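File shown: coords-v1.cif. Contents: mmCIF, C-alpha atoms, pLDDT in the B column; chains and numbers go by the auth columns.
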```
data_model
#
loop_
_atom_site.group_PDB
_atom_site.id
_atom_site.type_symbol
_atom_site.label_atom_id
_atom_site.label_comp_id
_atom_site.label_asym_id
_atom_site.label_seq_id
_atom_site.Cartn_x
_atom_site.Cartn_y
_atom_site.Cartn_z
_atom_site.B_iso_or_equiv
_atom_site.auth_seq_id
_atom_site.auth_asym_id
ATOM 1 C CA MET A 1 -57.967 6.025 -36.816 47.00 30 G
ATOM 2 C CA ARG A 2 -60.248 8.285 -38.868 48.00 31 G
ATOM 3 C CA PRO A 3 -62.345 6.438 -41.459 49.00 32 G
ATOM 4 C CA TRP A 4 -61.567 7.062 -45.110 47.00 33 G
ATOM 5 C CA PRO A 5 -64.171 9.177 -46.909 47.00 34 G
ATOM 6 C CA LEU A 6 -66.367 7.302 -49.359 50.00 35 G
ATOM 7 C CA LEU A 7 -66.582 8.748 -52.854 51.00 36 G
ATOM 8 C CA LEU A 8 -69.897 8.058 -54.576 55.00 37 G
ATOM 9 C CA ILE A 9 -70.205 8.433 -58.346 50.00 38 G
ATOM 10 C CA PRO A 10 -73.759 9.077 -59.559 56.00 39 G
ATOM 11 C CA LEU A 11 -74.813 6.604 -62.235 54.00 40 G
ATOM 12 C CA LEU A 12 -76.074 8.796 -65.023 53.00 41 G
ATOM 13 C CA THR A 13 -77.312 7.209 -68.214 52.00 42 G
ATOM 14 C CA LEU A 14 -77.861 8.949 -71.486 52.00 43 G
ATOM 15 C CA PRO A 15 -80.731 7.914 -73.734 50.00 44 G
ATOM 16 C CA ALA A 16 -79.711 6.476 -77.065 45.00 45 G
ATOM 17 C CA THR A 17 -81.210 9.450 -78.853 43.00 46 G
ATOM 18 C CA ALA A 18 -78.876 11.785 -76.984 44.00 47 G
ATOM 19 C CA GLN A 19 -75.802 9.765 -77.972 46.00 48 G
ATOM 20 C CA ASN A 20 -76.806 9.237 -81.597 47.00 49 G
ATOM 21 C CA ASN A 21 -76.406 11.852 -84.269 51.00 50 G
ATOM 22 C CA SER A 22 -78.842 11.841 -87.174 60.00 51 G
ATOM 23 C CA ALA A 23 -77.868 8.966 -89.452 63.00 52 G
ATOM 24 C CA LYS A 24 -76.881 9.701 -93.019 76.00 53 G
ATOM 25 C CA PRO A 25 -79.181 8.330 -95.741 79.00 54 G
ATOM 26 C CA GLY A 26 -78.104 4.896 -96.938 89.00 55 G
ATOM 27 C CA THR A 27 -76.362 3.986 -93.681 92.00 56 G
ATOM 28 C CA GLY A 28 -77.487 2.096 -90.606 94.00 57 G
ATOM 29 C CA THR A 29 -77.022 2.346 -86.861 95.00 58 G
ATOM 30 C CA VAL A 30 -75.750 -0.286 -84.425 96.00 59 G
ATOM 31 C CA THR A 31 -76.921 -0.076 -80.831 97.00 60 G
ATOM 32 C CA GLY A 32 -76.622 -2.429 -77.900 97.00 61 G
ATOM 33 C CA HIS A 33 -75.297 -3.152 -74.436 97.00 62 G
ATOM 34 C CA VAL A 34 -72.197 -4.884 -73.099 96.00 63 G
ATOM 35 C CA TYR A 35 -72.486 -7.018 -69.952 96.00 64 G
ATOM 36 C CA CYS A 36 -69.955 -8.784 -67.717 96.00 65 G
ATOM 37 C CA ALA A 37 -70.659 -12.525 -67.894 93.00 66 G
ATOM 38 C CA ASP A 38 -69.411 -13.203 -64.357 94.00 67 G
ATOM 39 C CA THR A 39 -71.562 -10.583 -62.633 95.00 68 G
ATOM 40 C CA ASN A 40 -74.305 -9.754 -65.173 96.00 69 G
ATOM 41 C CA ALA A 41 -73.467 -6.113 -64.476 97.00 70 G
ATOM 42 C CA PRO A 42 -73.029 -3.530 -67.257 97.00 71 G
ATOM 43 C CA ALA A 43 -69.516 -3.322 -68.687 96.00 72 G
ATOM 44 C CA ARG A 44 -68.920 0.381 -68.174 96.00 73 G
ATOM 45 C CA MET A 45 -66.361 2.379 -70.152 94.00 74 G
ATOM 46 C CA ALA A 46 -65.581 -0.591 -72.411 94.00 75 G
ATOM 47 C CA SER A 47 -64.571 0.034 -76.024 93.00 76 G
ATOM 48 C CA VAL A 48 -66.624 -1.255 -78.950 94.00 77 G
ATOM 49 C CA GLN A 49 -65.570 -1.413 -82.581 92.00 78 G
ATOM 50 C CA LEU A 50 -67.065 -2.866 -85.753 93.00 79 G
ATOM 51 C CA GLN A 51 -64.775 -4.828 -88.083 90.00 80 G
ATOM 52 C CA PRO A 52 -66.083 -5.799 -91.520 91.00 81 G
ATOM 53 C CA ILE A 53 -66.311 -9.568 -91.994 87.00 82 G
ATOM 54 C CA SER A 54 -63.998 -10.742 -94.733 75.00 83 G
ATOM 55 C CA ARG A 55 -64.377 -13.885 -96.796 50.00 84 G
ATOM 56 C CA THR A 56 -62.289 -15.794 -94.254 48.00 85 G
ATOM 57 C CA GLU A 57 -64.462 -14.455 -91.405 51.00 86 G
ATOM 58 C CA LYS A 58 -61.332 -13.711 -89.399 51.00 87 G
ATOM 59 C CA PRO A 59 -61.018 -10.407 -87.529 51.00 88 G
ATOM 60 C CA SER A 60 -57.696 -8.631 -87.330 48.00 89 G
ATOM 61 C CA ALA A 61 -55.395 -9.406 -84.392 43.00 90 G
ATOM 62 C CA SER A 62 -55.767 -5.940 -82.916 45.00 91 G
ATOM 63 C CA LEU A 63 -58.038 -2.945 -83.032 42.00 92 G
ATOM 64 C CA SER A 64 -57.736 -0.949 -86.225 43.00 93 G
ATOM 65 C CA PHE A 65 -57.987 2.819 -86.153 40.00 94 G
ATOM 66 C CA THR A 66 -58.890 3.108 -89.825 42.00 95 G
ATOM 67 C CA GLY A 67 -61.928 1.924 -91.676 45.00 96 G
ATOM 68 C CA ASN A 68 -64.814 2.798 -93.945 47.00 97 G
ATOM 69 C CA GLY A 69 -66.867 5.436 -92.161 51.00 98 G
ATOM 70 C CA SER A 70 -67.864 4.270 -88.682 58.00 99 G
ATOM 71 C CA ALA A 71 -66.486 0.745 -89.227 59.00 100 G
ATOM 72 C CA GLY A 72 -63.103 1.735 -87.792 70.00 101 G
ATOM 73 C CA ARG A 73 -64.494 4.034 -85.124 83.00 102 G
ATOM 74 C CA ILE A 74 -64.123 3.094 -81.447 90.00 103 G
ATOM 75 C CA VAL A 75 -66.933 4.084 -79.111 94.00 104 G
ATOM 76 C CA GLN A 76 -67.130 3.823 -75.352 94.00 105 G
ATOM 77 C CA THR A 77 -69.987 2.253 -73.438 96.00 106 G
ATOM 78 C CA ALA A 78 -71.974 4.424 -71.051 96.00 107 G
ATOM 79 C CA LEU A 79 -72.535 3.697 -67.376 96.00 108 G
ATOM 80 C CA ASP A 80 -75.447 1.427 -68.270 97.00 109 G
ATOM 81 C CA GLY A 81 -73.218 -0.513 -70.708 97.00 110 G
ATOM 82 C CA GLY A 82 -75.021 0.928 -73.719 97.00 111 G
ATOM 83 C CA PHE A 83 -73.400 2.084 -76.952 97.00 112 G
ATOM 84 C CA VAL A 84 -74.466 3.651 -80.262 96.00 113 G
ATOM 85 C CA ILE A 85 -72.515 3.571 -83.543 96.00 114 G
ATOM 86 C CA PRO A 86 -74.224 5.686 -86.233 94.00 115 G
ATOM 87 C CA ASN A 87 -73.576 6.024 -89.976 93.00 116 G
ATOM 88 C CA VAL A 88 -72.460 2.425 -90.558 94.00 117 G
ATOM 89 C CA ALA A 89 -72.311 1.228 -94.159 93.00 118 G
ATOM 90 C CA PRO A 90 -74.595 -1.766 -94.873 94.00 119 G
ATOM 91 C CA GLY A 91 -72.897 -5.142 -94.448 93.00 120 G
ATOM 92 C CA ALA A 92 -71.858 -7.792 -91.942 94.00 121 G
ATOM 93 C CA TYR A 93 -69.526 -6.918 -89.057 94.00 122 G
ATOM 94 C CA PHE A 94 -67.740 -8.462 -86.109 92.00 123 G
ATOM 95 C CA VAL A 95 -68.439 -6.616 -82.859 93.00 124 G
ATOM 96 C CA VAL A 96 -65.099 -6.346 -81.051 90.00 125 G
ATOM 97 C CA VAL A 97 -65.328 -5.402 -77.378 92.00 126 G
ATOM 98 C CA ARG A 98 -62.419 -4.509 -75.113 90.00 127 G
ATOM 99 C CA ALA A 99 -62.819 -4.171 -71.345 91.00 128 G
ATOM 100 C CA PRO A 100 -60.065 -4.185 -68.692 89.00 129 G
ATOM 101 C CA GLY A 101 -59.767 -7.619 -67.088 90.00 130 G
ATOM 102 C CA TYR A 102 -61.968 -9.304 -69.676 91.00 131 G
ATOM 103 C CA LEU A 103 -61.151 -11.390 -72.726 87.00 132 G
ATOM 104 C CA SER A 104 -61.706 -10.061 -76.215 71.00 133 G
ATOM 105 C CA PRO A 105 -63.214 -12.844 -78.337 61.00 134 G
ATOM 106 C CA LYS A 106 -61.218 -13.432 -81.501 53.00 135 G
ATOM 107 C CA ILE A 107 -60.993 -16.483 -83.720 42.00 136 G
ATOM 108 C CA LYS A 108 -57.197 -16.659 -83.580 46.00 137 G
ATOM 109 C CA ASP A 109 -54.239 -14.465 -82.643 42.00 138 G
ATOM 110 C CA ASP A 110 -51.698 -13.956 -85.407 43.00 139 G
ATOM 111 C CA ASP A 111 -48.845 -14.693 -82.991 41.00 140 G
ATOM 112 C CA SER A 112 -50.475 -17.437 -80.938 45.00 141 G
ATOM 113 C CA ASP A 113 -50.337 -21.216 -81.103 45.00 142 G
ATOM 114 C CA ASP A 114 -53.828 -21.349 -79.619 46.00 143 G
ATOM 115 C CA ALA A 115 -56.543 -22.438 -82.004 40.00 144 G
ATOM 116 C CA GLU A 116 -59.178 -20.463 -80.130 42.00 145 G
ATOM 117 C CA PRO A 117 -59.167 -18.067 -77.169 44.00 146 G
ATOM 118 C CA GLN A 118 -60.348 -19.618 -73.920 46.00 147 G
ATOM 119 C CA ALA A 119 -61.920 -18.005 -70.911 45.00 148 G
ATOM 120 C CA ALA A 120 -60.573 -18.789 -67.449 45.00 149 G
ATOM 121 C CA SER A 121 -63.404 -21.332 -67.299 47.00 150 G
ATOM 122 C CA GLY A 122 -66.246 -22.302 -69.564 51.00 151 G
ATOM 123 C CA PRO A 123 -66.700 -22.940 -73.287 54.00 152 G
ATOM 124 C CA PRO A 124 -64.685 -21.287 -76.080 58.00 153 G
ATOM 125 C CA LEU A 125 -65.559 -17.667 -76.780 64.00 154 G
ATOM 126 C CA VAL A 126 -67.610 -16.852 -79.854 73.00 155 G
ATOM 127 C CA ILE A 127 -67.185 -13.470 -81.466 83.00 156 G
ATOM 128 C CA PRO A 128 -70.534 -11.712 -81.995 90.00 157 G
ATOM 129 C CA LYS A 129 -71.670 -10.570 -85.433 92.00 158 G
ATOM 130 C CA VAL A 130 -74.214 -8.031 -86.614 94.00 159 G
ATOM 131 C CA ASP A 131 -75.836 -7.349 -89.996 94.00 160 G
ATOM 132 C CA VAL A 132 -76.386 -3.696 -90.863 94.00 161 G
ATOM 133 C CA THR A 133 -79.135 -2.564 -93.245 94.00 162 G
ATOM 134 C CA ALA A 134 -79.488 0.899 -94.765 93.00 163 G
ATOM 135 C CA ASP A 135 -81.768 3.254 -92.854 92.00 164 G
ATOM 136 C CA GLN A 136 -82.322 0.672 -90.118 93.00 165 G
ATOM 137 C CA ALA A 137 -81.094 0.187 -86.548 94.00 166 G
ATOM 138 C CA ALA A 138 -79.517 -3.132 -85.589 95.00 167 G
ATOM 139 C CA ASN A 139 -79.404 -4.047 -81.908 96.00 168 G
ATOM 140 C CA ILE A 140 -76.963 -6.484 -80.315 96.00 169 G
ATOM 141 C CA ASP A 141 -76.056 -7.315 -76.709 96.00 170 G
ATOM 142 C CA VAL A 142 -72.561 -8.631 -75.967 94.00 171 G
ATOM 143 C CA ARG A 143 -71.318 -10.512 -72.905 93.00 172 G
ATOM 144 C CA VAL A 144 -67.611 -10.460 -72.082 92.00 173 G
ATOM 145 C CA GLU A 145 -65.859 -13.221 -70.118 91.00 174 G
ATOM 146 C CA ARG A 146 -63.420 -12.397 -67.330 93.00 175 G
ATOM 147 C CA GLY A 147 -59.878 -13.599 -67.958 91.00 176 G
ATOM 148 C CA ALA A 148 -57.165 -14.884 -65.677 91.00 177 G
ATOM 149 C CA ALA A 149 -54.733 -12.564 -63.888 92.00 178 G
ATOM 150 C CA VAL A 150 -51.110 -12.440 -62.776 91.00 179 G
ATOM 151 C CA SER A 151 -50.246 -10.414 -59.681 93.00 180 G
ATOM 152 C CA GLY A 152 -47.219 -9.986 -57.479 93.00 181 G
ATOM 153 C CA THR A 153 -44.609 -7.624 -56.112 94.00 182 G
ATOM 154 C CA VAL A 154 -41.432 -6.190 -57.612 93.00 183 G
ATOM 155 C CA LEU A 155 -38.594 -5.605 -55.128 93.00 184 G
ATOM 156 C CA PHE A 156 -35.071 -4.281 -55.350 92.00 185 G
ATOM 157 C CA ASP A 157 -32.294 -6.646 -54.287 91.00 186 G
ATOM 158 C CA ASP A 158 -32.257 -5.076 -50.796 94.00 187 G
ATOM 159 C CA GLY A 159 -35.922 -5.979 -50.303 94.00 188 G
ATOM 160 C CA SER A 160 -37.376 -2.474 -50.721 96.00 189 G
ATOM 161 C CA PRO A 161 -40.372 -2.011 -53.061 96.00 190 G
ATOM 162 C CA ALA A 162 -39.767 -0.953 -56.661 93.00 191 G
ATOM 163 C CA PRO A 163 -42.472 1.571 -57.649 94.00 192 G
ATOM 164 C CA GLY A 164 -43.150 2.796 -61.186 91.00 193 G
ATOM 165 C CA ILE A 165 -41.824 -0.329 -62.927 91.00 194 G
ATOM 166 C CA LEU A 166 -43.359 -0.956 -66.353 90.00 195 G
ATOM 167 C CA LEU A 167 -44.583 -4.537 -66.760 90.00 196 G
ATOM 168 C CA ASN A 168 -45.598 -6.838 -69.587 89.00 197 G
ATOM 169 C CA VAL A 169 -46.419 -10.514 -69.986 90.00 198 G
ATOM 170 C CA LEU A 170 -45.030 -12.842 -72.638 91.00 199 G
ATOM 171 C CA HIS A 171 -46.288 -16.202 -73.867 91.00 200 G
ATOM 172 C CA LYS A 172 -44.624 -18.864 -75.957 90.00 201 G
ATOM 173 C CA SER A 173 -45.400 -18.957 -79.669 88.00 202 G
ATOM 174 C CA LYS A 174 -43.575 -21.233 -82.116 89.00 203 G
ATOM 175 C CA GLY A 175 -40.885 -21.925 -79.532 90.00 204 G
ATOM 176 C CA LYS A 176 -40.228 -18.260 -78.691 92.00 205 G
ATOM 177 C CA TRP A 177 -41.441 -15.952 -75.937 91.00 206 G
ATOM 178 C CA VAL A 178 -43.397 -13.072 -77.517 89.00 207 G
ATOM 179 C CA PRO A 179 -45.290 -10.123 -75.999 87.00 208 G
ATOM 180 C CA SER A 180 -48.863 -11.121 -75.275 81.00 209 G
ATOM 181 C CA GLN A 181 -51.689 -9.026 -76.637 59.00 210 G
ATOM 182 C CA SER A 182 -54.320 -10.732 -74.487 45.00 211 G
ATOM 183 C CA HIS A 183 -54.486 -7.784 -72.111 44.00 212 G
ATOM 184 C CA PHE A 184 -55.214 -4.825 -74.305 45.00 213 G
ATOM 185 C CA GLN A 185 -53.972 -1.460 -73.095 47.00 214 G
ATOM 186 C CA GLY A 186 -54.970 1.579 -75.067 47.00 215 G
ATOM 187 C CA PHE A 187 -57.891 3.859 -75.710 46.00 216 G
ATOM 188 C CA PHE A 188 -60.631 3.573 -73.072 48.00 217 G
ATOM 189 C CA THR A 189 -58.916 0.702 -71.239 51.00 218 G
ATOM 190 C CA GLY A 190 -56.352 2.334 -69.000 53.00 219 G
ATOM 191 C CA ALA A 191 -52.594 2.751 -68.882 64.00 220 G
ATOM 192 C CA PRO A 192 -50.022 -0.066 -69.167 73.00 221 G
ATOM 193 C CA PRO A 193 -49.490 -1.994 -65.904 87.00 222 G
ATOM 194 C CA ILE A 194 -47.053 -0.206 -63.577 90.00 223 G
ATOM 195 C CA THR A 195 -46.116 -1.096 -60.012 93.00 224 G
ATOM 196 C CA ASP A 196 -47.596 1.054 -57.258 94.00 225 G
ATOM 197 C CA ASP A 197 -45.748 2.663 -54.353 95.00 226 G
ATOM 198 C CA LEU A 198 -45.424 -0.737 -52.621 96.00 227 G
ATOM 199 C CA GLY A 199 -44.186 -2.492 -55.758 94.00 228 G
ATOM 200 C CA HIS A 200 -47.486 -4.336 -56.278 95.00 229 G
ATOM 201 C CA TYR A 201 -48.894 -5.085 -59.708 93.00 230 G
ATOM 202 C CA ARG A 202 -51.776 -6.958 -61.299 92.00 231 G
ATOM 203 C CA ILE A 203 -52.240 -7.837 -64.972 91.00 232 G
ATOM 204 C CA GLY A 204 -55.713 -9.096 -65.884 89.00 233 G
ATOM 205 C CA GLY A 205 -57.598 -10.197 -68.953 88.00 234 G
ATOM 206 C CA LEU A 206 -55.259 -13.119 -69.692 88.00 235 G
ATOM 207 C CA ARG A 207 -56.062 -16.405 -71.363 87.00 236 G
ATOM 208 C CA ASP A 208 -55.284 -19.805 -69.876 87.00 237 G
ATOM 209 C CA ARG A 209 -51.660 -20.490 -70.798 88.00 238 G
ATOM 210 C CA GLU A 210 -48.130 -20.140 -69.455 91.00 239 G
ATOM 211 C CA TYR A 211 -46.609 -16.677 -69.100 92.00 240 G
ATOM 212 C CA ILE A 212 -43.435 -14.987 -67.993 92.00 241 G
ATOM 213 C CA VAL A 213 -43.472 -11.489 -66.534 92.00 242 G
ATOM 214 C CA GLN A 214 -41.207 -8.810 -67.969 90.00 243 G
ATOM 215 C CA ALA A 215 -40.231 -5.861 -65.781 90.00 244 G
ATOM 216 C CA LEU A 216 -38.411 -2.817 -67.191 87.00 245 G
ATOM 217 C CA LEU A 217 -36.307 -0.680 -64.859 84.00 246 G
ATOM 218 C CA SER A 218 -35.264 2.503 -66.653 80.00 247 G
ATOM 219 C CA HIS A 219 -33.196 5.481 -65.543 76.00 248 G
ATOM 220 C CA MET A 220 -34.106 8.635 -67.415 70.00 249 G
ATOM 221 C CA ASP A 221 -33.695 12.398 -67.369 73.00 250 G
ATOM 222 C CA MET A 222 -36.595 14.752 -68.057 70.00 251 G
ATOM 223 C CA THR A 223 -36.103 17.925 -70.074 73.00 252 G
ATOM 224 C CA PRO A 224 -38.550 20.810 -69.367 73.00 253 G
ATOM 225 C CA PRO A 225 -40.528 22.516 -72.151 70.00 254 G
ATOM 226 C CA ASP A 226 -38.498 24.646 -74.529 66.00 255 G
ATOM 227 C CA SER A 227 -39.156 28.220 -75.646 64.00 256 G
ATOM 228 C CA HIS A 228 -41.655 26.980 -78.231 66.00 257 G
ATOM 229 C CA GLY A 229 -43.823 25.479 -75.519 62.00 258 G
ATOM 230 C CA GLU A 230 -43.091 21.870 -76.413 64.00 259 G
ATOM 231 C CA GLY A 231 -43.825 19.346 -73.658 63.00 260 G
ATOM 232 C CA PHE A 232 -41.404 17.446 -71.458 62.00 261 G
ATOM 233 C CA SER A 233 -39.079 15.038 -73.224 64.00 262 G
ATOM 234 C CA ALA A 234 -37.399 12.008 -71.683 58.00 263 G
ATOM 235 C CA LEU A 235 -33.888 10.720 -72.273 63.00 264 G
ATOM 236 C CA VAL A 236 -33.304 7.147 -71.120 58.00 265 G
ATOM 237 C CA ARG A 237 -29.841 6.877 -69.580 62.00 266 G
ATOM 238 C CA SER A 238 -29.969 3.137 -68.903 66.00 267 G
ATOM 239 C CA ALA A 239 -32.488 0.319 -68.762 72.00 268 G
ATOM 240 C CA ILE A 240 -32.559 -3.188 -67.294 78.00 269 G
ATOM 241 C CA THR A 241 -35.084 -5.842 -68.265 80.00 270 G
ATOM 242 C CA VAL A 242 -35.840 -8.578 -65.715 81.00 271 G
ATOM 243 C CA TYR A 243 -37.903 -11.724 -66.372 80.00 272 G
ATOM 244 C CA SER A 244 -39.700 -13.920 -63.856 78.00 273 G
#
```
Could you rewrite the structure in this file as C-alpha cells?
Amino acid sequence: MRPWPLLLIPLLTLPATAQNNSAKPGTGTVTGHVYCADTNAPARMASVQLQPISRTEKPSASLSFTGNGSAGRIVQTALDGGFVIPNVAPGAYFVVVRAPGYLSPKIKDDDSDDAEPQAASGPPLVIPKVDVTADQAANIDVRVERGAAVSGTVLFDDGSPAPGILLNVLHKSKGKWVPSQSHFQGFFTGAPPITDDLGHYRIGGLRDREYIVQALLSHMDMTPPDSHGEGFSALVRSAITVYS
C-alpha cells in the first residue's frame, strides 16, 4: 500500500503592527493571545469579540454582530493565537472567545438551567474582562477549556451508512428538550456537524450535562441558476427527524 502524502502547512505569524490599522484618536486597542488550556498550544483561527459590560455584568447568550464601533466586531486569531482589535471605545468589556471543541465562558445561558458553565473537568469557567483607555493598548491573554464531545454513527435501517445527515444536540431546560448552543457553529468555527461518507459524526465543545442527538434526513431537489445568474436553490420534498 502506498503511503499517504503528508501535507505541511507553514506556520506564518504576522506582527501586531501588520494586523493593526492606525487607531482613531480617542479610542483604544485590545491585543492578546488565546491558548488551549489542555495543551498550552495557541488557539488558532478562534474568534474573539468584545461585549460591553452592562450593569448586571452578564454577557449576551450568543455572539452579537452589531455594536458600537469595534465592540461588535469579530476577529480571528492568527496561527500564533494572537489577535488585534483596534478603534475600541473606552470602557470595560467581556472578551468572548469561540474555538471549535472548546467551551465559551459565559455567566449563564438564557435557555439553560445551569447556574454556571462547567468544563469537562476542573473549576467553573470565568469570563475574562478588559478595560480600554483612550489612546492606549490593553493586552489580555485568554485560555479556553476543552469541552466534552458526543460521537457515533448514523445508519439506515438496512445497516448501510447515512452520509450527509445534519446533526444537532439538545439539552433539557425547564422540563423541555431545547437546542443546545454550547457548540457554536458560525463564523470562523466551521460548518454544522454533518455525517461523513461512513456515517460518522462528532460534536465537541459540550458542557457536562445530559443530551439527546437530533438527526435530520431530508430529501430535496436542487434548481440550477436562472437567467439572472442567481445561485442554486433547494426545495425540500420531505424530511424526517430522528432522536437518539
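Here the question is which of G:Cys65, G:Ala166, G:Ile223, G:Val125 gets nearest to Asn197 of chain G using all atoms listed in the file, and that residue is G:Ile223.
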Given the point (-76.5, 4.6, -91.2) in the file's coordinates, find the residues that have an atom at most 6 Å from it, counting all atoms listed in the file, and give them as a count of residues only. 11
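Between atom CA of Arg175 of chain G and atom CA of Pro129 of chain G lies a distance of 9.0 Å.
Pairwise distance (atom CA of Thr182 of chain G, atom CA of Thr224 of chain G) equals 7.8 Å.
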From the list G:Val183, G:Arg73, G:Val59, G:Tyr64, which residue is nearest Tyr122 of chain G when using all atoms listed in the file? G:Val59
One-decimal distance in Å that lies between atom CA of Pro221 of chain G and atom CA of Glu239 of chain G: 20.2 Å
For the provided coordinates, the residues matched by the PyMOL selection byres ((chain G and resi 228) around 6) should be stated as a PyMOL selection string. chain G and resi 182-183+190-192+224-227+229
Quick one: apply the PyMOL selection byres ((chain G and resi 71) around 10) to the file and drop the selected residues here as a VMD selection string. chain G and resid 62 to 66 68 to 70 72 to 75 106 to 111 172
